[in-house]
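Quick look at final.cif (mmCIF, C-alpha atoms):
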```cif
data_start
loop_
_atom_site.label_atom_id
_atom_site.label_comp_id
_atom_site.auth_asym_id
_atom_site.auth_seq_id
_atom_site.Cartn_x
_atom_site.Cartn_y
_atom_site.Cartn_z
CA MET A 1 0.00 0.00 0.00
CA ASN A 2 1.28 3.45 -0.92
CA ILE A 3 0.76 5.41 2.30
CA ASN A 4 0.25 9.14 1.92
CA TYR A 5 2.16 10.40 4.95
CA SER A 6 1.42 13.71 6.63
CA ASN A 7 3.74 16.67 6.22
CA ALA A 8 4.70 16.23 9.89
CA ALA A 9 5.75 12.62 9.28
CA LYS A 10 7.79 13.66 6.27
CA HIS A 11 9.81 15.94 8.54
CA LEU A 12 10.67 13.21 11.05
CA GLY A 13 14.41 12.63 11.17
CA SER A 14 16.33 9.64 12.48
CA SER A 15 18.55 10.06 15.52
CA ALA A 16 22.22 9.80 14.59
CA VAL A 17 22.96 8.64 18.14
CA ARG A 18 20.41 5.81 17.91
CA ASP A 19 21.73 4.81 14.50
CA ILE A 20 25.28 4.64 15.86
CA LEU A 21 24.11 2.60 18.86
CA LYS A 22 22.66 0.02 16.45
CA LEU A 23 26.07 -0.31 14.83
CA THR A 24 27.72 -1.00 18.18
CA GLN A 25 25.31 -3.70 19.37
CA GLY A 26 26.87 -7.15 19.66
CA ASN A 27 30.25 -5.98 18.38
CA ASN A 28 33.59 -5.50 20.07
CA ILE A 29 33.17 -1.75 19.91
CA ILE A 30 33.88 0.65 22.74
CA SER A 31 31.14 3.21 22.45
CA LEU A 32 31.72 6.78 23.52
CA ALA A 33 28.62 7.70 21.54
CA GLY A 34 25.44 7.29 23.59
CA GLY A 35 24.44 9.43 26.53
CA LEU A 36 24.30 6.37 28.76
CA PRO A 37 24.88 6.34 32.52
CA SER A 38 27.02 3.66 34.13
CA GLU A 39 25.11 0.39 34.58
CA ASP A 40 27.54 -0.56 37.35
CA HIS A 41 26.15 2.31 39.40
CA PHE A 42 22.43 1.73 38.98
CA PRO A 43 20.79 1.33 42.44
CA LEU A 44 19.57 -2.12 41.42
CA LYS A 45 18.79 -3.49 44.88
CA ALA A 46 16.93 -0.37 45.96
CA VAL A 47 14.89 -0.37 42.74
CA GLN A 48 14.09 -4.07 43.14
CA GLU A 49 12.87 -3.48 46.69
CA ALA A 50 10.81 -0.47 45.66
CA TYR A 51 8.97 -2.39 42.92
CA SER A 52 8.50 -5.41 45.20
CA GLN A 53 7.00 -3.32 48.00
CA VAL A 54 4.68 -1.45 45.67
CA LEU A 55 3.50 -4.57 43.83
CA SER A 56 2.72 -6.29 47.11
CA SER A 57 0.79 -3.34 48.53
CA ASN A 58 -2.34 -2.78 46.43
CA PRO A 59 -3.73 -3.88 43.03
CA SER A 60 -4.33 -0.21 42.20
CA VAL A 61 -0.63 0.16 41.33
CA LEU A 62 -1.53 -1.56 38.05
CA GLN A 63 -4.51 0.72 37.38
CA TYR A 64 -4.84 3.83 35.22
CA GLY A 65 -3.59 7.00 36.88
CA LEU A 66 -3.81 10.77 36.67
CA THR A 67 -2.57 12.42 33.51
CA GLU A 68 -0.55 14.89 35.59
CA GLY A 69 1.14 12.01 37.39
CA TYR A 70 1.10 10.30 40.79
CA ALA A 71 0.36 13.06 43.30
CA PRO A 72 2.76 11.97 46.09
CA LEU A 73 5.64 11.79 43.59
CA ARG A 74 4.78 15.24 42.26
CA ASP A 75 4.82 16.50 45.85
CA LYS A 76 8.31 15.09 46.34
CA ILE A 77 9.57 16.60 43.10
CA ALA A 78 8.06 19.96 44.07
CA ALA A 79 9.85 19.76 47.43
CA ARG A 80 13.18 18.89 45.74
CA LEU A 81 12.84 21.74 43.26
CA SER A 82 11.90 24.19 46.00
CA SER A 83 15.01 23.18 47.94
CA GLN A 84 17.02 23.90 44.77
CA GLY A 85 15.71 27.45 44.56
CA ILE A 86 12.72 26.82 42.26
CA PRO A 87 9.65 27.36 44.45
CA THR A 88 7.11 24.97 42.99
CA SER A 89 3.79 23.38 43.88
CA SER A 90 2.69 19.96 42.63
CA SER A 91 -0.09 21.65 40.62
CA GLU A 92 2.65 23.22 38.46
CA ILE A 93 4.13 19.82 37.51
CA VAL A 94 3.25 17.20 34.92
CA LEU A 95 5.11 13.89 35.01
CA THR A 96 6.21 12.73 31.58
CA THR A 97 7.69 9.65 29.93
CA GLY A 98 11.21 10.97 30.23
CA SER A 99 12.06 14.62 29.69
CA GLN A 100 12.05 13.95 25.94
CA GLN A 101 8.26 13.75 26.03
CA ALA A 102 8.17 17.03 27.94
CA ILE A 103 10.02 18.73 25.07
CA ASP A 104 7.65 17.23 22.53
CA LEU A 105 4.48 18.15 24.42
CA LEU A 106 5.60 21.72 24.98
CA CYS A 107 6.41 22.15 21.29
CA LYS A 108 3.05 20.63 20.40
CA ILE A 109 1.11 23.25 22.36
CA ILE A 110 3.35 26.23 21.48
CA LEU A 111 4.46 25.88 17.87
CA ASP A 112 2.70 26.25 14.55
CA PRO A 113 4.55 25.45 11.31
CA GLY A 114 6.93 28.28 10.49
CA ASP A 115 7.18 29.64 14.05
CA THR A 116 10.70 30.64 15.00
CA VAL A 117 12.60 28.87 17.74
CA LEU A 118 16.01 30.04 18.95
CA VAL A 119 18.60 27.45 19.96
CA GLU A 120 22.25 27.26 20.88
CA ALA A 121 24.77 26.02 18.32
CA PRO A 122 25.44 23.19 18.88
CA THR A 123 22.45 21.87 20.82
CA TYR A 124 20.71 18.66 21.86
CA LEU A 125 20.10 16.50 18.79
CA ALA A 126 16.73 15.08 19.89
CA ALA A 127 15.40 18.60 20.53
CA LEU A 128 16.30 19.48 16.94
CA GLN A 129 14.38 16.37 15.85
CA VAL A 130 11.29 17.51 17.75
CA LEU A 131 11.52 21.06 16.42
CA GLY A 132 11.93 19.73 12.90
CA SER A 133 8.88 17.51 13.26
CA TYR A 134 6.77 20.60 14.09
CA ARG A 135 8.33 22.41 11.11
CA ALA A 136 9.75 25.19 13.23
CA ASP A 137 12.01 27.84 11.77
CA ILE A 138 15.16 27.10 13.79
CA GLN A 139 17.54 30.03 14.26
CA THR A 140 20.86 29.61 16.05
CA LEU A 141 22.48 31.94 18.56
CA GLU A 142 26.12 32.88 18.94
CA SER A 143 27.86 31.82 22.16
CA ASP A 144 31.08 32.18 24.10
CA VAL A 145 32.39 30.41 27.20
CA ASP A 146 29.73 32.08 29.38
CA GLY A 147 26.73 31.09 27.26
CA ILE A 148 24.69 32.65 24.47
CA LEU A 149 25.60 36.25 23.67
CA PRO A 150 22.99 38.74 24.94
CA ASP A 151 23.48 41.16 22.05
CA ASP A 152 22.89 38.41 19.50
CA LEU A 153 19.90 37.14 21.47
CA GLU A 154 18.31 40.59 21.62
CA ASP A 155 18.93 41.16 17.93
CA LYS A 156 17.19 37.89 17.05
CA LEU A 157 14.37 38.50 19.53
CA ARG A 158 13.69 41.74 17.65
CA ARG A 159 14.14 40.36 14.15
CA TYR A 160 12.38 37.00 14.37
CA ARG A 161 9.87 37.45 17.21
CA PRO A 162 10.37 33.80 18.22
CA LYS A 163 7.84 31.71 20.09
CA LEU A 164 10.46 29.78 22.06
CA LEU A 165 14.06 29.71 23.23
CA TYR A 166 15.35 26.16 23.88
CA VAL A 167 18.53 25.88 25.99
CA VAL A 168 20.59 23.44 28.07
CA PRO A 169 22.59 25.92 30.19
CA THR A 170 24.04 23.48 32.74
CA PHE A 171 26.54 20.78 31.69
CA SER A 172 25.16 21.01 28.19
CA ASN A 173 24.49 18.24 25.74
CA PRO A 174 26.60 18.08 23.61
CA THR A 175 29.35 20.46 24.76
CA GLY A 176 29.32 19.99 28.53
CA ALA A 177 29.44 23.79 28.88
CA THR A 178 27.89 25.78 31.73
CA TRP A 179 26.61 29.35 31.46
CA SER A 180 27.76 31.99 33.92
CA GLN A 181 25.34 33.42 36.48
CA GLU A 182 25.47 36.87 34.87
CA ARG A 183 24.63 35.48 31.44
CA ARG A 184 21.69 33.52 32.84
CA ILE A 185 20.23 36.62 34.47
CA LYS A 186 20.57 38.63 31.27
CA VAL A 187 18.92 35.94 29.12
CA VAL A 188 15.94 35.67 31.48
CA GLU A 189 15.57 39.45 31.59
CA LEU A 190 15.59 39.71 27.80
CA CYS A 191 13.07 36.94 27.30
CA ARG A 192 10.77 38.40 29.97
CA ASN A 193 11.00 41.80 28.28
CA TYR A 194 10.17 40.36 24.86
CA GLY A 195 7.55 37.91 26.11
CA VAL A 196 9.36 34.82 24.84
CA LEU A 197 9.01 31.45 26.55
CA ILE A 198 12.23 29.67 27.54
CA LEU A 199 12.38 25.89 27.71
CA GLU A 200 15.21 25.07 30.13
CA ASP A 201 16.26 21.45 29.74
CA ASN A 202 18.25 20.25 32.76
CA PRO A 203 18.83 16.49 32.79
CA TYR A 204 22.44 16.74 34.02
CA GLY A 205 22.42 19.63 36.49
CA GLU A 206 22.76 17.52 39.61
CA ILE A 207 25.80 15.62 38.29
CA SER A 208 28.35 18.20 39.37
CA PHE A 209 32.11 17.72 39.63
CA GLN A 210 32.58 20.85 41.73
CA SER A 211 33.32 20.81 45.44
CA ASP A 212 30.74 21.81 48.03
CA LYS A 213 32.37 25.23 48.44
CA ASP A 214 31.88 26.03 44.74
CA VAL A 215 28.70 27.94 44.00
CA CYS A 216 26.78 26.54 41.05
CA PRO A 217 24.87 29.07 38.94
CA SER A 218 21.14 29.34 39.50
CA THR A 219 18.80 27.65 37.08
CA LEU A 220 16.96 29.95 34.70
CA ALA A 221 13.75 28.78 36.35
CA ALA A 222 14.97 29.94 39.77
CA ILE A 223 15.95 33.34 38.35
CA ASP A 224 12.61 33.65 36.58
CA ARG A 225 10.66 32.87 39.75
CA SER A 226 12.51 35.57 41.65
CA TYR A 227 10.56 38.14 39.60
CA SER A 228 6.91 39.02 40.07
CA GLY A 229 4.38 38.33 37.36
CA ASP A 230 3.95 35.42 34.96
CA TYR A 231 6.71 32.86 34.48
CA CYS A 232 8.68 32.88 31.24
CA VAL A 233 10.61 29.64 31.92
CA ALA A 234 9.29 26.12 31.54
CA TYR A 235 11.71 23.71 33.23
CA THR A 236 12.18 20.04 32.51
CA GLY A 237 14.21 17.38 34.28
CA THR A 238 14.41 13.62 34.58
CA PHE A 239 15.36 10.72 36.82
CA SER A 240 17.03 8.97 33.86
CA LYS A 241 20.53 10.20 34.65
CA ILE A 242 20.37 10.20 38.46
CA VAL A 243 18.47 6.91 39.01
CA ALA A 244 18.00 4.88 35.80
CA PRO A 245 16.73 5.58 32.27
CA ALA A 246 14.35 2.60 32.15
CA LEU A 247 12.05 4.19 34.73
CA ARG A 248 11.19 6.71 31.96
CA THR A 249 10.10 9.33 34.46
CA GLY A 250 10.66 13.01 33.80
CA TRP A 251 8.79 16.18 34.63
CA ILE A 252 7.99 19.62 33.34
CA VAL A 253 7.33 22.67 35.51
CA GLY A 254 5.62 25.84 34.39
CA GLY A 255 2.86 28.35 35.03
CA SER A 256 -0.54 26.90 35.89
CA GLU A 257 -2.18 27.69 32.53
CA LEU A 258 0.74 26.24 30.59
CA ILE A 259 0.66 23.07 32.69
CA LYS A 260 -3.10 22.66 32.24
CA THR A 261 -2.77 22.93 28.48
CA LEU A 262 0.20 20.58 28.43
CA ALA A 263 -1.78 18.01 30.47
CA LYS A 264 -4.48 18.08 27.77
CA ALA A 265 -1.84 17.36 25.15
CA LYS A 266 -0.54 14.47 27.23
CA GLN A 267 -4.05 13.04 27.53
CA ALA A 268 -4.16 12.85 23.75
CA ALA A 269 -0.66 11.35 23.57
CA ASP A 270 -0.70 8.53 26.13
CA LEU A 271 -3.32 9.26 28.87
CA HIS A 272 -0.57 9.09 31.51
CA SER A 273 2.93 7.74 32.07
CA SER A 274 3.44 4.34 33.70
CA THR A 275 1.70 4.10 37.08
CA ILE A 276 3.88 1.29 38.38
CA ASP A 277 7.08 3.17 37.52
CA GLN A 278 5.85 6.37 39.22
CA ARG A 279 4.66 4.55 42.34
CA SER A 280 7.92 2.60 42.60
CA LEU A 281 10.00 5.74 42.15
CA ASP A 282 7.95 7.42 44.86
CA ASN A 283 8.69 4.47 47.16
CA LEU A 284 12.37 4.64 46.25
CA LEU A 285 12.55 8.31 47.23
CA LEU A 286 11.04 7.44 50.61
CA ASN A 287 13.58 4.74 51.44
CA PHE A 288 16.72 5.53 49.45
CA ASP A 289 19.33 8.24 49.97
CA LEU A 290 19.20 9.79 46.52
CA ALA A 291 21.50 12.66 47.47
CA GLN A 292 24.24 10.24 48.52
CA HIS A 293 23.75 8.23 45.34
CA ILE A 294 24.12 11.36 43.19
CA SER A 295 27.28 12.23 45.10
CA ILE A 296 28.72 8.76 44.40
CA ILE A 297 28.01 8.80 40.67
CA SER A 298 29.25 12.38 40.38
CA ARG A 299 32.62 11.39 41.87
CA GLU A 300 32.82 8.35 39.61
CA TYR A 301 31.93 10.32 36.48
CA HIS A 302 34.43 13.01 37.41
CA SER A 303 37.13 10.35 37.62
CA ARG A 304 36.15 8.95 34.22
CA MET A 305 36.12 12.40 32.67
CA ASN A 306 39.60 13.06 34.03
CA LYS A 307 40.77 9.75 32.54
CA LEU A 308 39.34 10.64 29.13
CA SER A 309 40.77 14.15 29.28
CA SER A 310 44.22 12.85 30.20
CA GLU A 311 44.22 10.28 27.39
CA ILE A 312 43.21 12.84 24.77
CA THR A 313 45.80 15.34 26.02
CA SER A 314 48.55 12.72 25.87
CA ARG A 315 47.89 12.20 22.14
CA ASN A 316 48.65 15.84 21.38
CA TRP A 317 46.58 15.82 18.19
CA GLU A 318 47.51 18.80 16.04
CA GLY A 319 44.82 21.48 16.07
CA SER A 320 42.69 19.72 18.73
CA PHE A 321 40.97 21.57 21.53
CA PHE A 322 38.51 20.87 24.37
CA ARG A 323 37.39 22.28 27.70
CA GLU A 324 36.91 19.97 30.65
CA PRO A 325 33.25 20.00 31.69
CA LYS A 326 32.37 20.78 35.30
CA GLY A 327 29.69 18.12 35.36
CA GLY A 328 27.35 16.04 33.27
CA MET A 329 28.21 13.28 30.81
CA PHE A 330 29.94 14.73 27.75
CA LEU A 331 33.21 16.14 26.48
CA TRP A 332 33.18 18.18 23.24
CA LEU A 333 36.30 17.71 21.14
CA THR A 334 37.36 19.97 18.28
CA LEU A 335 39.94 18.54 15.88
CA ALA A 336 42.02 20.19 13.16
CA GLU A 337 39.94 22.06 10.58
CA HIS A 338 40.56 19.54 7.80
CA VAL A 339 39.04 16.65 9.80
CA ASN A 340 35.48 15.62 8.96
CA SER A 341 34.33 13.65 11.99
CA THR A 342 31.50 11.94 10.06
CA GLU A 343 34.08 10.51 7.68
CA LEU A 344 36.35 9.74 10.63
CA LEU A 345 33.59 7.68 12.25
CA LYS A 346 33.52 5.37 9.21
CA LEU A 347 37.17 4.55 9.92
CA ALA A 348 36.75 4.40 13.69
CA ILE A 349 33.96 1.82 13.88
CA PRO A 350 35.95 -0.94 12.10
CA LYS A 351 38.77 -0.22 14.56
CA GLY A 352 36.37 -0.73 17.48
CA VAL A 353 35.44 2.71 18.77
CA ALA A 354 32.39 4.93 18.25
CA PHE A 355 31.52 8.57 18.93
CA VAL A 356 28.94 11.05 17.69
CA PRO A 357 30.05 13.41 14.89
CA GLY A 358 29.51 17.01 15.90
CA GLU A 359 27.65 18.11 12.79
CA VAL A 360 24.40 16.37 13.84
CA PHE A 361 24.05 18.82 16.75
CA TYR A 362 23.71 21.83 14.45
CA SER A 363 20.57 22.97 12.67
CA SER A 364 22.71 24.81 10.11
CA LEU A 365 26.35 25.65 9.32
CA PRO A 366 27.80 22.67 11.24
CA GLN A 367 31.36 22.51 12.50
CA LYS A 368 32.33 19.21 10.92
CA ASN A 369 35.63 18.87 12.80
CA THR A 370 33.89 18.32 16.14
CA MET A 371 32.66 15.29 18.06
CA ARG A 372 30.79 14.44 21.25
CA LEU A 373 32.41 11.91 23.58
CA ASN A 374 30.53 10.26 26.44
CA PHE A 375 32.65 9.29 29.45
CA THR A 376 30.03 7.93 31.87
CA HIS A 377 29.23 4.54 30.33
CA THR A 378 32.63 3.16 29.34
CA ALA A 379 34.58 1.37 32.08
CA PRO A 380 37.65 3.40 33.13
CA ASP A 381 40.09 0.65 32.13
CA LEU A 382 38.72 0.72 28.56
CA ILE A 383 39.08 4.48 28.04
CA PRO A 384 42.80 4.30 27.08
CA LEU A 385 42.02 1.61 24.50
CA ALA A 386 39.15 3.67 23.12
CA ILE A 387 41.43 6.67 22.57
CA GLU A 388 44.15 4.45 21.13
CA ARG A 389 41.63 3.20 18.55
CA LEU A 390 40.45 6.74 17.86
CA ASP A 391 44.06 7.78 17.36
CA SER A 392 44.55 4.95 14.88
CA ALA A 393 41.46 6.07 12.93
CA LEU A 394 42.72 9.65 12.90
CA VAL A 395 46.14 8.57 11.60
CA GLU A 396 44.44 6.66 8.79
CA PHE A 397 42.18 9.63 8.01
CA ASN A 398 45.17 11.99 7.77
CA LYS A 399 47.05 9.58 5.50
CA LYS A 400 44.08 9.36 3.15
CA LYS A 401 43.80 13.13 3.11
CA GLN A 402 47.45 13.45 2.14
CA LEU A 403 47.02 10.91 -0.66
CA CYS A 404 44.08 12.85 -2.03
CA ARG A 405 46.07 16.10 -2.35
CA PRO A 406 46.79 17.15 -5.94
#
```
Structure translated into structure tokens:
Amino acid sequence: MNINYSNAAKHLGSSAVRDILKLTQGNNIISLAGGLPSEDHFPLKAVQEAYSQVLSSNPSVLQYGLTEGYAPLRDKIAARLSSQGIPTSSSEIVLTTGSQQAIDLLCKIILDPGDTVLVEAPTYLAALQVLGSYRADIQTLESDVDGILPDDLEDKLRRYRPKLLYVVPTFSNPTGATWSQERRIKVVELCRNYGVLILEDNPYGEISFQSDKDVCPSTLAAIDRSYSGDYCVAYTGTFSKIVAPALRTGWIVGGSELIKTLAKAKQAADLHSSTIDQRSLDNLLLNFDLAQHISIISREYHSRMNKLSSEITSRNWEGSFFREPKGGMFLWLTLAEHVNSTELLKLAIPKGVAFVPGEVFYSSLPQKNTMRLNFTHTAPDLIPLAIERLDSALVEFNKKKQLCRP
């Protein structure tokens, strides 16, 4: 049958990360590609006990639930967010099937085809997929080490009158970068002045490598809520990185009218996210020291990042550059200008190592000599071998380039 697909379906793109993960399944490949947490550090016993206790308590755990999500879990999330400087009530929260669904639902209720959305360059690949599926006009913003440039933001706020600004300001995916406090304040002020909604995506913010004495910048949501009047920041987070991805439990926080409208969109999408997962996660938060667990994985991921950083530095690749992230899961590597990382990947996979080429994180004008490296999933003792294989692929790439010269 010749199916006549909708225009929306025709704009659906495949995830480069998922495609690369398929290539690495069942092979002797060290993958630095996916944004995967360490399986060795999943709280398996605590999760087992939580599910066991919930399943033995009441048959209603297998019943339909509220679209907005299990109320006691929303209460706990509201309390956690409030303690992090984002005063929130449970009525301002919708639980979602991972924070990816939160991005999709927000775009569904905000965007019409052709509406402008501002993003960082580079930015989260799956967000670009969602924006593309809603046929948004994606415009990129210039950045420096402190975040997006206010002058460029204001210019594009004036010129394009965007509906939405999508950002990952803390331990960004893909770059691992973190905006300064001053830049965050300025961005919120500008968007409030121009009446533009910000979607702040923060899946990694709690995985910090800084010491207790270091002051982490405020979330945009916290800054926004320090002002009077309507909120201009919708804030999404997830338990995928700090507990386990398979629980598929994220959340989105926003003004009451926004949340009501988003809940209607979720009703149409899936009625509600998994009741058993929400109830078990609620039980886990009652009986498990999540703060200590986050501290443990943060120390472990910091150690792995340092290992990766040291191995890359020791190779002394000509023209290469990176900044060590202060948290999160990714290191962004820039190679010499002549290197095309998509072509490099084709040489790297047969040698047994995978990464994500940087160009997939751009909506336009990609920097093709960049790549995203994940350091949280690969065992520390395999990181040197991974970089050795990457080095071998790079040597082969450079030799082929020299042979191709006239």
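The residue that comes closest to Val196 (chain A), out of A:Gln139, A:Gln267, A:Ser363, A:Thr116 and on the basis of all atoms listed in the file, is A:Thr116.
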Worksheet item: Leu331 (chain A): which residues within 12 Å, counting all atoms listed in the file, same-chain residues fewer than 3 positions away excluded, as a PyMOL selection string?
Response: chain A and resi 32-33+35+171-177+301-302+304-309+312+321-328+334+355-356+358+370-376
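Here CA of Glu49 (chain A) is placed at a distance of 29.4 Å from CA of Ser303 (chain A).
The nearest approach to Lys76 (chain A) among the residues A:Asp381, A:Glu300, A:Glu337, A:Asp282, with all atoms listed in the file taken into account, belongs to A:Asp282.
Each of A:Val188, A:Leu247, A:Val339, A:Leu333 was compared to Leu220 (chain A) using only C-alpha atoms, and A:Val188 turns out to be the nearest.
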Practice prompt. Have a look at CA of Leu106 (chain A) and CA of Ala291 (chain A) and let me know their distance in Å, one decimal.
Written response: 29.0 Å
Worksheet entry | All residues 7 Å or closer to Thr67 (chain A), only C-alpha atoms, same chain fewer than 2 positions away omitted, as a PyMOL selection string | chain A and resi 65+69+263+266-267+271-272
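Here CA of Asp201 (chain A) stands at a distance of 16.6 Å from CA of Ala78 (chain A).
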Discussion item. For the PyMOL selection byres ((chain A and resi 98) around 7), applied here, can you spell out every residue it catches as an NGL selection string?
Written reply: :A and (96-97 or 99-101 or 238 or 248-250)
Fill in: Near-Leu281 (chain A) list (8 Å; all atoms listed in the file; drop same-chain fewer than 6 positions) as a PyMOL selection string
chain A and resi 47+50+73+247
Discussion item. Using all atoms listed in the file, which protein or nucleic acid residues come within 10 Å of region 342-347 of chain A? Drop anything in the same chain fewer than 6 positions from it, and give the result as a ChimeraX atom specification.
Written reply: /A:20,353-360,368-371,389-390,392-398
Discussion item. Just want the 9 Å neighbourhood of Ile259 (chain A), counted on only C-alpha atoms, with same-chain residues fewer than 4 positions away dropped. Output as a PyMOL selection string.
Written reply: chain A and resi 68+91-94+252-255+263-264
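When only C-alpha atoms are used to measure the gap to Glu206 (chain A), the shortest distance among A:Gln181, A:Gln84, A:Asn316, A:Ser133 belongs to A:Gln84.
What the PyMOL selection byres ((chain A and resi 179) around 6) grabs from this file is Asp146, Gly147, Pro169, Thr178 and Ser180 of chain A.
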Would you save the residues from that selection as a compact mmCIF listing (two decimals), keeping the file's coordinate frame, using C-alpha atoms?
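Written out: out_16.txt:
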```txt
# COMPACT_ATOMS: atom_id res chain seq x y z
CA ASP A 146 29.73 32.08 29.38
CA GLY A 147 26.73 31.09 27.26
CA PRO A 169 22.59 25.92 30.19
CA THR A 178 27.89 25.78 31.73
CA SER A 180 27.76 31.99 33.92
```
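With only the atoms specified (only C-alpha atoms) counting, those residues at most 10 Å away from (13.7, 27.3, 44.9) are Ala78, Ala79, Arg80, Leu81, Ser82, Ser83, Gln84, Gly85, Ile86, Pro87, Thr88, Ser218, Thr219, Ala221, Ala222, Ile223, Arg225 and Ser226 of chain A.
The closest residue to Tyr51 (chain A), picked from A:Gly114, A:Gly205, A:Ser280, A:Arg184 and counting all atoms listed in the file, is A:Ser280.
For the set A:Leu365, A:Val61, A:Ile387, A:Ala336, the residue with the smallest atom-to-atom gap to Ser310 (chain A) is A:Ile387, counting only C-alpha atoms.
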Worksheet item: What does the PyMOL selection byres ((chain A and resi 202) around 7) select in this file, as a ChimeraX atom specification?
Response: /A:168,170,200-201,203-205,236-237
